[in-house]
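Chemist: Attaching a single structure in structure tokens format; questions to follow.
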Amino acid sequence: MTRGRALLVAPVAALALLTSCGGGNDTQAGGEGGGGDVASSPLAEYFGQDFGADPEQAEAQVIEEERARQEAIAACMKREGFEYIPQDPSQYIQFESPDGEEYGSDEWTAKYGFGISTQRFPQNALGPDLIGYDESQMGLEVDDPNMKIREALSPEEQAAYEEALYGDMSAFEIDPTLSEEEQTKAMEEMQFEPGGCEGEAMNAASNLSQKVYTEFSDEMDAMYERVLADPRIVEAEQKVKDCVAGKGLEYPGQEEVYTMFEDRLTEIDAQVTYPGAELTEDDFAAMSEAEREALGSQPPVIPDEAKAKLADLQAEEIALAKAVNECDGSFEDQGKLYREVSAQYEQEFIDAHADRLAEIKTETGA
């Protein structure tokens, strides 16, 4: 059965990717004030993940790390008495935009805005007058042979398989008797940590960035919060806000803009129905593989009223995103300053924990 798979990148690797996007081959450190080049990420360099230098090499590295993780999961599952077939990560890991346009560029923004409401639903559910994502071009749909392995097991064996693979997930179950607000709060307060063979493979992987982030997660989270609160970042974003306001629009900020549109999408989401949503577990178990495949390929049903609201929201999002880009608030523009500022904080972190970081590097054989 075809299942979607999200991009899996270690947290620090993802941050390194974020801070190196949009600025070209910026591998030279810039001094105060930036200069022509901007600072590369000291952590990315330390981890051997300077993504700005060679994106293709970076993608190959992340794929290789994920391939090793898949092999470790398979070995662990074998010890637990189950079969697990390692997946090919090149099927579901990609760094480039599916249409070849760089995220946040003027061309991408003119089509998709910030990519919030415009990337919410598949195109085949929207029709020609709205903007969605093309599942056939996403590169995230993979044939998971392990689904067939699980489906061949009895219900009791399936439960044991899932627990061996993911660990005990009961702690992440939401009490259905709670109110919607209480359930939302409970989900927000959850801190998921992979268990079972998934967790063992992640913890055992010789991935330097993953191990450093695991040990210094609080310190690194605080470090990047300080980056966002740095006066240079705050001042630059305020200039963008003021410029956008001069165009008659309101821009709440890079992080806040996503919350703003997500909140307004909630009403639309409530009107969308998904094929098979009414089926029970027994109904689903009684279906043939072909029937499940056919059900999974059906797009969600979006009523005309919801489409009309989505059309207004998409037009507003694209107009605001274009204004932000015109005011030097694009992903590329803000990314250059972010890299310069974060480089200073990252170097301070490396200097403060130099001895332990060296030990971890030795432990992982990096």
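A note on labels: chains of the structure tokens are A, B, ... as shown, every chain counts residues from 1, and ligands are counted from 1 in their shown order.
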For segment 147-158 of chain A, list every protein, DNA or RNA residue within 8 Å, evaluated using only C-alpha atoms, and leave out those in the same chain fewer than 3 positions away; present the list as a list in words.

Modeler: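 The residues satisfying every condition are Met1, Glu83, Tyr84, Asp144, Tyr161 and Glu162 of chain A.
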
Chemist: Can you tell me which residues surround Gly248 of chain A at a distance of at most 12 Å, considering only C-alpha atoms, apart from same-chain residues fewer than 4 positions away, and format the answer as a list of chain:residue names?

Modeler: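 Final neighbour list, sorted by chain and number: A:Lys241, A:Asp242, A:Cys243, A:Val244, A:Ala319, A:Leu320, A:Ala323, A:Val324.
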
Chemist: Kindly export the residues of the current selection with N, CA and C atoms, as a PDB file, in the first residue's frame.

Modeler:
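File selection-v1.pdb, as written:
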ATOM      1  N   LYS A 241       8.139  44.915   8.380  1.00  0.00           N
ATOM      2  CA  LYS A 241       6.756  45.165   8.797  1.00  0.00           C
ATOM      3  C   LYS A 241       6.322  46.575   8.416  1.00  0.00           C
ATOM      4  N   ASP A 242       7.195  47.545   8.672  1.00  0.00           N
ATOM      5  CA  ASP A 242       6.861  48.940   8.367  1.00  0.00           C
ATOM      6  C   ASP A 242       6.704  49.139   6.860  1.00  0.00           C
ATOM      7  N   CYS A 243       7.587  48.521   6.088  1.00  0.00           N
ATOM      8  CA  CYS A 243       7.523  48.640   4.632  1.00  0.00           C
ATOM      9  C   CYS A 243       6.232  48.032   4.089  1.00  0.00           C
ATOM     10  N   VAL A 244       5.866  46.854   4.601  1.00  0.00           N
ATOM     11  CA  VAL A 244       4.641  46.191   4.160  1.00  0.00           C
ATOM     12  C   VAL A 244       3.423  47.021   4.557  1.00  0.00           C
ATOM     13  N   ALA A 319      -0.578  37.864  -2.080  1.00  0.00           N
ATOM     14  CA  ALA A 319      -0.355  39.310  -2.109  1.00  0.00           C
ATOM     15  C   ALA A 319       0.560  39.742  -0.972  1.00  0.00           C
ATOM     16  N   LEU A 320       0.340  39.194   0.217  1.00  0.00           N
ATOM     17  CA  LEU A 320       1.177  39.550   1.365  1.00  0.00           C
ATOM     18  C   LEU A 320       2.599  39.039   1.174  1.00  0.00           C
ATOM     19  N   ALA A 323       4.481  41.217  -1.203  1.00  0.00           N
ATOM     20  CA  ALA A 323       4.843  42.483  -0.572  1.00  0.00           C
ATOM     21  C   ALA A 323       6.045  42.313   0.352  1.00  0.00           C
ATOM     22  N   VAL A 324       6.079  41.197   1.086  1.00  0.00           N
ATOM     23  CA  VAL A 324       7.201  40.921   1.989  1.00  0.00           C
ATOM     24  C   VAL A 324       8.493  40.787   1.179  1.00  0.00           C
TER      25      VAL A 324
END

Chemist: As a ChimeraX atom specification, please: every residue in segment 56-264 of chain A that DSSP puts in helix (DSSP H, G or I).

Modeler: /A:56-79,89-91,106-112,117-119,123-125,135-138,145-151,155-166,170-172,180-189,196-204,208-215,217-229,231-245,254-264

Chemist: Using only C-alpha atoms, find the one residue out of A:Phe261, A:Phe82, A:Tyr224, A:Phe47 that sits nearest to Asn146 of chain A.

Modeler: A:Phe82

Chemist: Please indicate the distance in Å from atom CA of Glu317 of chain A to atom CA of Lys239 of chain A, rounded to one decimal place.

Modeler: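 These two atoms are separated by 19.6 Å.
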